[in-house]
$ cat final.cif   # mmCIF, C-alpha atoms
data_query
loop_
_atom_site.label_atom_id
_atom_site.label_comp_id
_atom_site.auth_asym_id
_atom_site.auth_seq_id
_atom_site.Cartn_x
_atom_site.Cartn_y
_atom_site.Cartn_z
CA MET A 113 116.07 19.61 -80.39
CA ALA A 114 116.74 23.30 -81.05
CA ARG A 115 113.32 24.12 -79.68
CA VAL A 116 114.03 22.25 -76.46
CA LEU A 117 117.33 24.03 -76.05
CA LEU A 118 115.74 27.40 -76.68
CA ARG A 119 112.95 26.70 -74.25
CA GLY A 120 115.51 25.71 -71.63
CA LYS A 121 117.37 28.92 -72.20
CA GLU A 122 114.21 31.03 -71.86
CA SER A 123 113.17 29.55 -68.52
CA ALA A 124 116.60 29.79 -66.94
CA ILE A 125 116.75 32.46 -64.30
CA THR A 126 119.66 33.40 -62.15
CA ARG A 127 119.81 32.88 -58.41
CA GLN A 128 119.56 36.64 -57.85
CA GLN A 129 116.43 36.82 -60.00
CA ALA A 130 114.88 33.93 -58.12
CA LEU A 131 115.55 35.57 -54.78
CA ALA A 132 114.27 38.91 -56.00
CA ALA A 133 110.99 37.38 -57.26
CA ARG A 134 107.92 38.26 -55.25
CA PRO A 135 105.56 35.40 -54.47
CA VAL A 136 101.93 36.28 -54.84
CA ARG A 137 98.88 34.37 -53.59
CA LEU A 138 96.77 32.88 -56.37
CA VAL A 139 93.95 31.85 -54.09
CA GLU A 140 92.34 33.75 -51.32
CA GLY A 141 90.74 31.92 -48.47
CA PRO A 142 90.08 32.36 -44.78
CA VAL A 143 92.91 31.37 -42.44
CA ALA A 144 91.59 30.10 -39.12
CA GLY A 145 94.04 30.21 -36.23
CA THR A 146 94.97 26.89 -34.66
CA GLY A 147 95.93 28.27 -31.28
CA ASP A 148 99.60 27.32 -31.59
CA GLY A 149 100.49 30.23 -33.84
CA GLY A 150 99.69 28.34 -37.02
CA GLY A 151 96.60 28.38 -39.15
CA ARG A 152 94.24 26.39 -41.32
CA LEU A 153 93.86 27.72 -44.83
CA SER A 154 90.69 26.78 -46.68
CA VAL A 155 90.66 27.25 -50.42
CA PRO A 156 87.80 26.52 -52.77
CA LEU A 157 88.27 23.49 -54.97
CA ARG A 158 88.23 24.20 -58.66
CA PRO A 159 87.91 20.82 -60.34
CA LYS A 160 88.23 20.43 -64.07
CA ALA A 161 85.02 20.03 -66.05
CA TRP A 162 85.52 16.28 -66.56
CA ALA A 163 86.32 15.78 -62.86
CA LYS A 164 83.24 17.76 -61.88
CA TRP A 165 81.11 15.53 -64.04
CA LEU A 166 82.80 12.26 -63.13
CA LEU A 167 83.43 12.76 -59.41
CA ARG A 168 80.35 14.91 -58.73
CA PHE A 169 82.07 17.56 -56.63
CA PRO A 170 79.59 19.37 -54.43
CA ALA A 171 79.33 23.10 -54.97
CA GLY A 172 81.45 25.08 -52.56
CA ALA A 173 83.83 22.19 -51.78
CA THR A 174 87.00 23.37 -50.10
CA LYS A 175 90.43 21.98 -49.44
CA THR A 176 92.20 22.71 -46.15
CA PHE A 177 95.91 23.18 -45.66
CA GLU A 178 97.35 23.20 -42.18
CA LEU A 179 100.20 25.64 -41.73
CA ASP A 180 102.59 25.78 -38.79
CA PRO A 181 103.70 29.22 -37.51
CA LEU A 182 106.61 29.32 -39.95
CA GLY A 183 104.38 28.33 -42.84
CA LEU A 184 101.84 30.94 -41.87
CA LEU A 185 104.51 33.62 -41.75
CA VAL A 186 105.63 32.71 -45.27
CA TRP A 187 102.03 32.50 -46.52
CA GLU A 188 101.19 35.93 -45.15
CA SER A 189 104.34 37.33 -46.73
CA CYS A 190 103.25 36.15 -50.18
CA ASP A 191 101.60 39.48 -50.95
CA GLY A 192 103.26 40.30 -54.25
CA LYS A 193 105.33 43.02 -52.60
CA THR A 194 107.72 41.03 -50.43
CA SER A 195 110.57 39.31 -52.23
CA VAL A 196 111.81 35.81 -51.46
CA LEU A 197 114.97 37.30 -50.00
CA GLN A 198 112.94 39.51 -47.67
CA ILE A 199 110.97 36.48 -46.48
CA VAL A 200 114.24 34.64 -45.85
CA ARG A 201 115.56 37.56 -43.81
CA LYS A 202 112.30 37.73 -41.85
CA LEU A 203 112.58 34.03 -40.89
CA GLU A 204 116.24 34.45 -40.10
CA ARG A 205 115.55 37.30 -37.67
CA ARG A 206 112.53 35.80 -36.01
CA TYR A 207 113.77 32.26 -35.45
CA HIS A 208 117.54 32.86 -35.30
CA PHE A 209 118.24 30.61 -38.26
CA SER A 210 121.43 30.82 -40.21
CA SER A 211 121.06 32.47 -43.59
CA ARG A 212 121.43 29.22 -45.50
CA GLU A 213 118.99 27.29 -43.31
CA ALA A 214 116.35 29.99 -43.69
CA GLU A 215 116.87 30.15 -47.43
CA VAL A 216 116.68 26.39 -48.00
CA SER A 217 113.55 25.93 -45.90
CA THR A 218 111.77 28.97 -47.40
CA VAL A 219 112.56 27.98 -50.97
CA ALA A 220 111.44 24.39 -50.34
CA PHE A 221 108.18 25.58 -48.83
CA LEU A 222 107.52 28.08 -51.62
CA ARG A 223 108.14 25.33 -54.16
CA THR A 224 105.50 23.20 -52.42
CA LEU A 225 103.02 26.08 -52.50
CA ILE A 226 103.69 26.58 -56.21
CA LYS A 227 103.13 22.88 -56.90
CA LYS A 228 99.82 23.04 -55.06
CA GLY A 229 98.83 26.02 -57.17
CA LEU A 230 98.50 28.32 -54.17
CA ILE A 231 101.06 30.92 -55.17
CA GLY A 232 102.75 32.24 -58.25
CA MET A 233 106.00 34.08 -58.68
CA ALA A 234 106.05 37.64 -59.98
CA PRO A 235 109.51 38.15 -61.44
CA ARG A 236 111.14 41.51 -60.82
CA ARG A 237 110.76 43.53 -63.98
CA GLY A 238 113.87 44.91 -65.62
CA ARG A 239 114.31 48.66 -66.19
CA ALA A 240 113.46 48.41 -69.88
CA GLU A 241 110.26 46.49 -69.16
CA ARG A 242 109.14 48.97 -66.53
CA LYS A 243 109.44 51.86 -68.97
CA ARG A 244 107.14 50.14 -71.42
CA PRO A 245 103.50 51.30 -71.11
CA MET B 207 130.38 36.89 -36.64
CA PRO B 208 129.55 33.22 -37.13
CA THR B 209 132.29 30.74 -36.39
CA PHE B 210 132.98 27.91 -38.74
CA ALA B 211 134.95 25.08 -37.17
CA TRP B 212 135.50 21.97 -39.23
CA GLN B 213 138.14 19.23 -39.13
CA ALA B 214 140.13 21.22 -36.54
CA TRP B 215 140.17 24.42 -38.65
CA GLN B 216 138.45 27.43 -37.15
CA LEU B 217 137.42 30.57 -39.03
CA GLU B 218 135.39 33.67 -38.30
CA LEU B 219 133.15 34.23 -41.30
CA PRO B 220 131.45 37.48 -42.27
CA PRO B 221 127.70 37.50 -41.55
CA ARG B 222 125.53 35.41 -43.88
CA TRP B 223 128.40 33.35 -45.23
CA ASP B 224 127.50 29.70 -44.95
CA PRO B 225 129.09 26.44 -46.05
CA VAL B 226 127.31 24.73 -48.93
CA LYS B 227 129.72 21.92 -49.67
CA LEU B 228 131.69 19.95 -47.12
CA GLU B 229 133.69 16.97 -48.26
CA GLY B 230 136.52 14.78 -47.11
CA ASP B 231 137.97 14.07 -43.72
CA PHE B 232 140.73 15.31 -41.44
CA ASP B 233 143.50 14.30 -43.84
CA SER B 234 142.09 15.84 -46.97
CA GLY B 235 138.93 17.65 -47.87
CA LEU B 236 137.29 20.81 -49.03
CA ALA B 237 134.73 23.34 -47.91
CA LEU B 238 132.90 25.78 -50.11
CA ILE B 239 131.40 28.84 -48.49
CA THR B 240 128.90 31.08 -50.20
CA ASP B 241 126.78 34.10 -49.44
CA THR B 242 123.44 35.01 -51.00
CA HIS B 243 125.10 36.07 -54.24
CA GLY B 244 127.41 33.12 -54.83
CA PRO B 245 130.65 31.43 -53.83
CA ARG B 246 132.95 33.55 -51.70
CA LEU B 247 135.48 31.27 -50.11
CA GLY B 248 136.94 27.87 -50.80
CA LEU B 249 139.08 25.85 -48.43
CA ARG B 250 141.09 22.81 -49.41
CA TRP B 251 143.39 20.87 -47.16
CA LYS B 252 145.63 17.87 -47.58
CA LYS B 253 147.94 16.01 -45.29
CA GLU B 254 151.54 16.20 -46.46
CA PRO B 255 153.62 14.00 -44.19
CA ARG B 256 157.14 15.17 -43.44
CA ARG B 257 159.65 13.15 -45.40
CA LYS B 258 163.40 12.94 -45.12
CA ARG B 259 164.11 16.06 -47.13
CA PHE B 260 161.13 18.08 -46.16
CA ASP B 261 160.83 21.68 -47.34
CA PRO B 262 157.54 23.42 -46.47
CA ALA B 263 158.53 26.45 -48.58
CA ALA B 264 158.81 24.30 -51.70
CA LEU B 265 155.51 22.64 -50.90
CA VAL B 266 153.72 25.97 -50.53
CA ARG B 267 155.40 27.34 -53.68
CA ARG B 268 154.29 24.34 -55.70
CA ALA B 269 150.72 24.52 -54.40
CA MET B 270 150.56 28.22 -55.21
CA ARG B 271 151.90 27.60 -58.71
CA GLU B 272 149.29 24.92 -59.33
CA GLU B 273 146.54 27.19 -58.06
CA VAL B 274 147.28 30.50 -59.77
CA GLY B 275 149.89 29.73 -62.43
CA VAL B 276 153.60 30.41 -62.74
CA LEU B 277 153.51 34.19 -63.32
CA ALA B 278 150.99 34.97 -60.59
CA ALA B 279 152.76 32.64 -58.15
CA GLU B 280 155.88 34.77 -58.48
CA GLU B 281 153.88 37.76 -57.26
CA ALA B 282 152.72 35.92 -54.12
CA LYS B 283 154.17 37.38 -50.95
CA PRO B 284 154.99 35.69 -47.66
CA PHE B 285 152.22 36.30 -45.15
CA ALA B 286 152.86 36.51 -41.43
CA MET B 287 150.12 34.74 -39.51
CA PRO B 288 149.09 36.17 -36.16
CA CYS B 289 149.10 32.74 -34.51
CA ASP B 290 152.02 30.32 -34.43
CA GLY B 291 152.07 26.83 -35.83
CA TRP B 292 152.31 27.85 -39.47
CA LEU B 293 155.64 26.90 -40.99
CA GLN B 294 155.18 28.67 -44.30
CA CYS B 295 152.44 30.94 -45.70
CA LYS B 296 152.03 32.84 -48.94
CA LEU B 297 149.33 35.16 -50.17
CA TYR B 298 148.53 36.18 -53.71
CA GLU B 299 146.15 39.09 -54.18
CA ASP B 300 144.67 39.72 -57.58
CA PRO B 301 145.83 43.19 -58.65
CA GLU B 302 142.68 43.86 -60.64
CA PRO B 303 139.54 42.61 -58.87
CA PRO B 304 137.08 41.03 -59.43
CA GLY B 305 139.41 38.10 -59.16
CA ARG B 306 140.68 35.39 -56.92
CA ASP B 307 142.97 35.90 -53.95
CA VAL B 308 144.76 32.77 -52.87
CA TRP B 309 146.48 31.96 -49.62
CA VAL B 310 148.48 28.80 -49.08
CA GLY B 311 149.90 27.74 -45.74
CA TYR B 312 151.51 24.70 -44.20
CA SER B 313 150.60 23.87 -40.64
CA GLY B 314 153.26 22.26 -38.51
CA ARG B 315 150.68 21.18 -35.95
CA SER B 316 148.85 18.73 -38.16
CA ASP B 317 151.22 18.55 -41.15
CA ARG B 318 148.44 19.73 -43.41
CA LEU B 319 148.62 22.06 -46.37
CA LEU B 320 145.72 24.50 -46.41
CA GLN B 321 144.67 26.52 -49.44
CA ILE B 322 142.12 29.31 -49.23
CA ALA B 323 140.68 30.94 -52.33
CA TYR B 324 138.70 34.12 -51.85
CA HIS B 325 136.52 35.53 -54.60
CA ALA B 326 137.28 39.22 -54.29
CA GLN B 327 134.62 41.48 -55.82
CA ARG B 328 136.70 44.58 -55.06
CA ARG B 329 139.90 45.29 -53.20
CA ASP B 330 139.06 44.78 -49.55
CA ASN B 331 140.73 43.21 -46.54
CA VAL B 332 138.20 40.45 -45.87
CA LEU B 333 140.73 37.71 -46.53
CA SER B 334 143.86 39.20 -45.00
CA GLY B 335 142.29 41.31 -42.27
CA GLN B 336 139.36 39.19 -41.20
CA ILE B 337 139.55 35.55 -42.25
CA LEU B 338 143.29 34.94 -42.02
CA ALA B 339 143.57 37.07 -38.89
CA ALA B 340 141.20 34.74 -37.08
CA LEU B 341 142.21 31.50 -38.78
CA GLY B 342 143.10 28.93 -36.17
CA GLU B 343 143.81 25.27 -35.88
CA HIS B 344 143.10 23.07 -32.93
CA GLY B 345 146.18 21.43 -31.52
CA GLY B 346 144.91 17.87 -31.31
CA SER B 347 144.67 17.46 -27.56
CA GLY B 348 141.76 18.51 -25.37
CA ARG B 349 138.36 19.06 -26.89
CA VAL B 350 138.07 19.83 -30.58
CA PRO B 351 135.54 22.51 -31.54
CA TRP B 352 133.03 21.89 -34.31
CA SER B 353 130.72 24.60 -35.60
CA VAL B 354 128.61 24.58 -38.69
CA PHE B 355 125.50 26.69 -39.25
CA ASP B 356 123.79 26.91 -35.89
CA LEU B 357 125.27 23.74 -34.43
CA SER B 358 128.44 23.96 -32.41
CA CYS B 359 129.97 21.61 -29.88
CA ARG B 360 133.24 20.39 -28.48
CA VAL B 361 134.25 16.78 -28.94
CA PRO B 362 137.09 14.96 -27.14
CA ALA B 363 140.27 14.55 -29.16
CA GLY B 364 140.49 11.19 -30.85
CA PHE B 365 136.99 11.34 -32.28
CA ARG B 366 136.82 11.64 -36.05
CA LEU B 367 133.80 12.81 -37.98
CA ASP B 368 132.04 9.81 -39.50
CA ARG B 369 129.15 11.50 -41.24
CA HIS B 370 127.20 14.70 -41.17
CA ARG B 371 123.58 15.42 -42.05
CA LEU B 372 122.86 19.09 -42.39
CA ASN B 373 119.20 19.55 -43.20
CA ALA B 374 117.56 22.90 -42.59
CA GLY B 375 116.37 22.77 -38.99
CA ASP B 376 117.88 19.34 -38.32
CA LEU B 377 121.65 19.29 -38.05
CA SER B 378 123.63 16.30 -36.88
CA LEU B 379 127.26 15.29 -36.64
CA THR B 380 128.32 11.72 -35.93
CA PHE B 381 131.78 10.93 -34.62
CA SER B 382 133.66 7.77 -33.85
CA GLY B 383 137.01 6.87 -32.40
CA GLN B 384 138.62 4.00 -30.53
CA ARG B 385 135.38 1.96 -30.57
CA ARG B 386 133.47 4.87 -29.15
CA VAL B 387 130.70 6.69 -30.95
CA LEU B 388 129.12 10.06 -30.40
CA SER B 389 126.29 11.72 -32.23
CA VAL B 390 125.22 15.34 -31.70
CA ARG B 391 121.92 16.45 -33.19
CA GLN B 392 120.21 19.82 -32.98
CA LEU B 393 116.64 20.56 -34.01
CA ALA B 394 115.09 23.95 -34.60
CA VAL B 395 112.67 25.42 -33.63
CA ALA B 396 112.22 23.71 -30.23
CA HIS B 397 108.86 25.14 -29.26
CA LEU B 398 107.37 23.92 -32.55
CA ALA B 399 109.09 20.55 -32.33
CA LEU B 400 107.85 20.04 -28.78
CA ARG B 401 104.34 20.94 -29.78
CA ARG B 402 104.49 18.12 -32.32
CA MET B 403 106.04 15.55 -29.97
CA PRO B 404 107.10 15.53 -26.32
CA LEU B 405 110.76 15.22 -25.43
CA ALA B 406 110.38 11.56 -24.42
CA ARG B 407 109.20 10.68 -27.90
CA TRP B 408 112.08 12.55 -29.50
CA LEU B 409 114.36 10.44 -27.29
CA ALA B 410 112.60 7.23 -28.30
CA GLY B 411 112.80 8.23 -31.96
CA GLN B 412 116.54 8.74 -31.71
CA GLN B 413 117.02 5.41 -29.92
CA SER B 414 114.97 3.56 -32.49
CA ARG B 415 117.55 4.44 -35.17
CA GLN B 416 119.83 1.86 -33.53
CA HIS B 417 116.91 -0.52 -33.02
CA ARG B 418 118.52 -3.32 -35.01
CA TYR B 419 121.51 -3.71 -32.71
CA PHE B 420 120.34 -2.12 -29.46
CA ARG B 421 117.35 -2.87 -27.26
CA ARG B 422 115.83 0.23 -25.80
CA ASP B 423 115.16 0.39 -22.08
CA ASP B 424 111.74 1.98 -21.57
CA ARG B 425 112.81 3.66 -18.36
CA THR B 426 113.88 7.26 -18.73
CA GLU B 427 115.49 9.55 -16.23
CA PRO B 428 115.42 13.33 -15.96
CA VAL B 429 118.65 15.02 -17.01
CA GLU B 430 119.76 18.57 -16.31
CA ILE B 431 122.94 20.08 -17.64
CA THR B 432 124.39 23.50 -17.00
CA ALA B 433 126.20 25.03 -19.93
CA GLY B 434 127.61 28.39 -18.96
CA SER B 435 124.67 30.58 -18.06
CA ARG B 436 122.18 28.23 -19.69
CA THR B 437 120.41 25.24 -18.23
CA LEU B 438 119.38 22.40 -20.47
CA ALA B 439 116.77 20.06 -19.10
CA GLY B 440 115.38 16.90 -20.58
CA VAL B 441 115.32 13.14 -20.41
CA GLY B 442 117.89 10.43 -20.82
CA GLY B 443 117.75 6.74 -21.58
CA THR B 444 119.89 3.73 -22.29
CA ALA B 445 119.81 1.07 -24.98
CA VAL B 446 121.69 -2.21 -24.51
CA ARG B 447 123.30 -4.23 -27.29
CA ARG B 448 121.14 -7.20 -28.23
CA ARG B 449 122.49 -10.48 -26.96
CA ARG B 450 122.53 -12.09 -30.37
CA PHE B 451 125.18 -9.53 -31.41
CA PHE B 452 127.53 -10.43 -28.54
CA TRP B 453 130.20 -11.33 -31.08
CA MET B 454 130.17 -7.84 -32.59
CA ARG B 455 132.86 -6.53 -30.30
CA TRP B 456 133.19 -3.36 -32.32
CA LEU B 457 129.73 -2.32 -31.19
CA PRO B 458 129.61 -0.67 -27.74
CA PRO B 459 127.75 -2.68 -25.08
CA ALA B 460 125.32 0.17 -24.42
CA MET B 461 124.28 3.48 -25.90
CA VAL B 462 123.35 6.45 -23.75
CA THR B 463 121.00 9.01 -25.24
CA CYS B 464 119.72 12.27 -23.87
CA ALA B 465 117.23 14.68 -25.36
CA LEU B 466 117.43 18.18 -23.96
CA HIS B 467 115.56 21.41 -24.41
CA ASP B 468 117.63 24.56 -24.66
CA PRO B 469 115.02 27.26 -24.02
CA ASP B 470 117.46 30.18 -24.39
CA ARG B 471 118.33 29.22 -27.94
CA ASP B 472 114.98 27.58 -28.65
CA ARG B 473 116.65 24.42 -29.86
CA LEU B 474 116.34 20.71 -29.07
CA VAL B 475 119.63 18.95 -28.47
CA ILE B 476 119.87 15.18 -28.79
CA VAL B 477 123.20 13.59 -27.90
CA GLU B 478 123.88 9.88 -28.17
CA GLY B 479 127.03 7.95 -27.44
CA SER B 480 128.66 4.93 -25.97
CA ASP B 481 130.22 6.78 -23.06
CA ARG B 482 128.00 8.58 -20.56
CA GLY B 483 130.66 11.10 -19.55
CA VAL B 484 131.42 12.02 -23.15
CA VAL B 485 127.70 12.38 -23.90
CA MET B 486 127.19 14.76 -20.98
CA GLU B 487 130.31 16.75 -21.87
CA ALA B 488 129.27 17.08 -25.50
CA ALA B 489 125.71 18.06 -24.54
CA ALA B 490 127.02 20.79 -22.24
CA SER B 491 129.16 22.19 -25.05
CA VAL B 492 126.40 22.47 -27.66
CA GLY B 493 125.98 26.10 -28.62
CA CYS B 494 129.41 27.08 -27.27
CA LEU B 495 130.50 28.73 -30.53
CA GLY B 496 128.52 30.91 -32.85
CA TYR B 497 125.83 31.46 -30.28
CA ASN B 498 124.94 35.13 -30.34
CA GLY B 499 124.14 35.15 -26.65
CA THR B 500 121.05 37.26 -26.99
CA GLY B 501 119.03 34.57 -25.32
CA ALA B 502 115.95 36.12 -26.78
CA PRO B 503 113.20 33.62 -27.39
CA PRO B 504 111.81 33.83 -30.91
CA GLY B 505 108.48 35.23 -31.83
#
$ encode --input "final.cif" --output "structure tokens"
Amino acid sequence: MARVLLRGKESAITRQQALAARPVRLVEGPVAGTGDGGGRLSVPLRPKAWAKWLLRFPAGATKTFELDPLGLLVWESCDGKTSVLQIVRKLERRYHFSSREAEVSTVAFLRTLIKKGLIGMAPRRGRAERKRP
Amino acid sequence: MPTFAWQAWQLELPPRWDPVKLEGDFDSGLALITDTHGPRLGLRWKKEPRRKRFDPAALVRRAMREEVGVLAAEEAKPFAMPCDGWLQCKLYEDPEPPGRDVWVGYSGRSDRLLQIAYHAQRRDNVLSGQILAALGEHGGSGRVPWSVFDLSCRVPAGFRLDRHRLNAGDLSLTFSGQRRVLSVRQLAVAHLALRRMPLARWLAGQQSRQHRYFRRDDRTEPVEITAGSRTLAGVGGTAVRRRRFFWMRWLPPAMVTCALHDPDRDRLVIVEGSDRGVVMEAAASVGCLGYNGTGAPPG
């Protein structure tokens, strides 16, 4: 029980920290334009050893994600330098969204990308951590 | 500055302040407004009908006492509102921010007690100089303004908000009153939405929500509405109540729907209602408040 509580405490991050986190792409793949401002992202499939054996994945198999212009903008912003808040502001300016609308849609989309294993979140390091070698 | 108009209250909010919680109805309810860092403003209203021995001062005093406590309530000062209609107002400002500033006022127009709590990070005049200075209440006659996020419209008096669905990019408000219904929906971003589906299919999709009670007429007609300097063009259609529901007199005999493209704001506007005139009026008013007027297409 104590362990569960402690683990919960460790993973809890504040809203500010979450917005200051910088999403970073975990996979690199070519993005082919779709002509409407969006793009098709192809990422190599990395099946587990048992799946490779059981399902006989061909070498070089890829998975394609279709991104609309908004999705592509967010995907391109996931460079490890741009924070979530900066992405929200970018969407807000470009599409004239209200702050809340832009935030909700960006966070929902980033969550989907995380679930798919396409991006990870680099938390902003504290001052003490940055000093450490 | 974005305008927030809800249940006949109207406020000018600082940039990037958005409502996150909206509950209740005209008689009583609450609204919580936050910015990126957390809650900033809370509104709570309640209808207090005038009784025989009615004293708005006592009502405001009691509400202030319940909100901030006895000692702090004694420090609250009367606050003169720039607009009339307020019978009694009091403001308490926390002497040592960060803290909570509270304003309580009784409106003679709607007999409602309004409480506003502002989370002051430092001593500033956001509440007294900005929010309270622009705080207004619609009188009850004419067209009532509604504005939340990017969606704003004017609705004839007598319509009450039935339900609201505020999803990112898909905002809708549904009203009803005196056996009339009106639904205003706004979708963003229009050029992406239209790439996915033509306007006629958006119209059909909206009409199919009432599919159980109303039979959609496949014929559509072009609709063009002028709203100020903007022109909204689209399609309109009608759905008739199914004959087997003839006994449901509370349902309108027909529903008029129009789906319009607002190219200046890059939004799709879908308005549905039982009265054609009301539908057209509401559609023409969409974007009347809070619209920044840049007219710049995105991208």
$ interface_residues --input "final.cif" --of "chain A" --to "chain B" --cutoff "7 Å" --atoms "all atoms listed in the file" --output "JSON, numbers by chain"
{"A": [128, 206, 207, 210, 211, 212, 213, 216, 217]}
$ resolve_selection --input "final.cif" --expression "the PyMOL selection byres ((chain A and resi 191) around 7)" --output "ChimeraX atom specification"
/A:135-137,188-190,192-194
$ resolve_selection --input "final.cif" --expression "the PyMOL selection byres ((chain B and resi 328) around 7)" --output "mmCIF file with C-alpha atoms, in the coordinates of the input"
data_model
loop_
_atom_site.group_PDB
_atom_site.id
_atom_site.type_symbol
_atom_site.label_atom_id
_atom_site.label_comp_id
_atom_site.auth_asym_id
_atom_site.auth_seq_id
_atom_site.Cartn_x
_atom_site.Cartn_y
_atom_site.Cartn_z
ATOM 1 C CA PRO B 303 139.540 42.610 -58.870
ATOM 2 C CA PRO B 304 137.080 41.030 -59.430
ATOM 3 C CA ALA B 326 137.280 39.220 -54.290
ATOM 4 C CA GLN B 327 134.620 41.480 -55.820
ATOM 5 C CA ARG B 329 139.900 45.290 -53.200
ATOM 6 C CA ASP B 330 139.060 44.780 -49.550
#
$ resolve_selection --input "final.cif" --expression "the PyMOL selection byres ((chain B and resi 283) around 9)" --output "list in words"
Ala279, Glu280, Glu281, Ala282, Pro284, Phe285, Cys295, Lys296, Leu297, Tyr298 and Glu299 of chain B
$ write_last_selection --input "final.cif" --atoms "C-alpha atoms" --output "mmCIF file, in the coordinates of the input"
data_model
loop_
_atom_site.group_PDB
_atom_site.id
_atom_site.type_symbol
_atom_site.label_atom_id
_atom_site.label_comp_id
_atom_site.auth_asym_id
_atom_site.auth_seq_id
_atom_site.Cartn_x
_atom_site.Cartn_y
_atom_site.Cartn_z
ATOM 1 C CA ALA B 279 152.760 32.640 -58.150
ATOM 2 C CA GLU B 280 155.880 34.770 -58.480
ATOM 3 C CA GLU B 281 153.880 37.760 -57.260
ATOM 4 C CA ALA B 282 152.720 35.920 -54.120
ATOM 5 C CA PRO B 284 154.990 35.690 -47.660
ATOM 6 C CA PHE B 285 152.220 36.300 -45.150
ATOM 7 C CA CYS B 295 152.440 30.940 -45.700
ATOM 8 C CA LYS B 296 152.030 32.840 -48.940
ATOM 9 C CA LEU B 297 149.330 35.160 -50.170
ATOM 10 C CA TYR B 298 148.530 36.180 -53.710
ATOM 11 C CA GLU B 299 146.150 39.090 -54.180
#
$ atom_distance --input "final.cif" --atom1 "atom CA of A:Pro181" --atom2 "atom CA of B:Ala399"
11.4 Å
$ atom_distance --input "final.cif" --atom1 "atom CA of B:Ser353" --atom2 "atom CA of B:Met207"
12.3 Å
$ atom_distance --input "final.cif" --atom1 "atom CA of A:Leu157" --atom2 "atom CA of A:Leu185"
23.3 Å
$ residues_around --input "final.cif" --residues "stretch 420-426 of chain B" --least-positions-apart "3" --cutoff "6 Å" --atoms "all atoms listed in the file" --output "compact mmCIF listing (two decimals) with C-alpha atoms, in the coordinates of the input"
# COMPACT_ATOMS: atom_id res chain seq x y z
CA GLN B 416 119.83 1.86 -33.53
CA HIS B 417 116.91 -0.52 -33.02
CA GLY B 442 117.89 10.43 -20.82
CA GLY B 443 117.75 6.74 -21.58
CA THR B 444 119.89 3.73 -22.29
CA ALA B 445 119.81 1.07 -24.98
CA VAL B 446 121.69 -2.21 -24.51
CA ARG B 447 123.30 -4.23 -27.29
CA ARG B 448 121.14 -7.20 -28.23
$ axis_aligned_box --input "final.cif" --around "stretch 210-213 of chain B" --padding-each-side "5 Å" --output "JSON"
{"center_x": 135.6, "center_y": 23.6, "center_z": -38.2, "size_x": 15.2, "size_y": 18.7, "size_z": 12.1}
$ closest_residue --input "final.cif" --among "B:Leu338, B:Ala278, B:Leu247, B:Leu320" --to "B:Val266" --atoms "only C-alpha atoms"
B:Leu320
$ closest_residue --input "final.cif" --among "A:Gly147, A:Gly183, A:Gly141, A:Pro159" --to "A:Val219" --atoms "all atoms listed in the file"
A:Gly183
$ residues_around --input "final.cif" --residues "A:Thr218" --least-positions-apart "2" --cutoff "9 Å" --atoms "all atoms listed in the file" --output "VMD selection string"
chain A and resid 183 186 196 199 to 200 203 213 to 216 220 to 223
$ residues_around --input "final.cif" --residues "B:Ile337" --least-positions-apart "3" --cutoff "8 Å" --atoms "all atoms listed in the file" --output "PyMOL selection string"
chain B and resi 217-219+332-334+340-341
$ closest_residue --input "final.cif" --among "B:Ala460, B:Leu495, B:Ile476, B:Ala214" --to "B:Gly411" --atoms "only C-alpha atoms"
B:Ile476
$ closest_residue --input "final.cif" --among "B:His467, B:Arg482, B:Arg455, B:Lys258" --to "B:Thr437" --atoms "all atoms listed in the file"
B:His467
$ decode --input "final.cif" --residues "stretch 204-211 of chain A" --atoms "N, CA and C atoms" --output "PDB file, in the first residue's frame"
ATOM      1  N   GLU A 204      -2.892  28.484 -31.244  1.00  0.00           N
ATOM      2  CA  GLU A 204      -3.797  29.576 -30.902  1.00  0.00           C
ATOM      3  C   GLU A 204      -3.661  30.727 -31.911  1.00  0.00           C
ATOM      4  N   ARG A 205      -2.413  31.055 -32.222  1.00  0.00           N
ATOM      5  CA  ARG A 205      -2.157  32.171 -33.145  1.00  0.00           C
ATOM      6  C   ARG A 205      -2.566  31.822 -34.567  1.00  0.00           C
ATOM      7  N   ARG A 206      -2.201  30.613 -34.977  1.00  0.00           N
ATOM      8  CA  ARG A 206      -2.413  30.265 -36.373  1.00  0.00           C
ATOM      9  C   ARG A 206      -3.885  30.037 -36.716  1.00  0.00           C
ATOM     10  N   TYR A 207      -4.617  29.386 -35.806  1.00  0.00           N
ATOM     11  CA  TYR A 207      -5.999  29.037 -36.132  1.00  0.00           C
ATOM     12  C   TYR A 207      -7.043  29.858 -35.362  1.00  0.00           C
ATOM     13  N   HIS A 208      -6.599  30.869 -34.645  1.00  0.00           N
ATOM     14  CA  HIS A 208      -7.505  31.735 -33.879  1.00  0.00           C
ATOM     15  C   HIS A 208      -8.368  30.937 -32.909  1.00  0.00           C
ATOM     16  N   PHE A 209      -7.755  30.002 -32.220  1.00  0.00           N
ATOM     17  CA  PHE A 209      -8.477  29.253 -31.196  1.00  0.00           C
ATOM     18  C   PHE A 209      -8.414  30.039 -29.897  1.00  0.00           C
ATOM     19  N   SER A 210      -9.341  29.747 -29.011  1.00  0.00           N
ATOM     20  CA  SER A 210      -9.204  30.309 -27.673  1.00  0.00           C
ATOM     21  C   SER A 210      -8.129  29.485 -26.967  1.00  0.00           C
ATOM     22  N   SER A 211      -7.580  30.083 -25.920  1.00  0.00           N
ATOM     23  CA  SER A 211      -6.457  29.448 -25.220  1.00  0.00           C
ATOM     24  C   SER A 211      -6.815  28.034 -24.738  1.00  0.00           C
TER      25      SER A 211
END
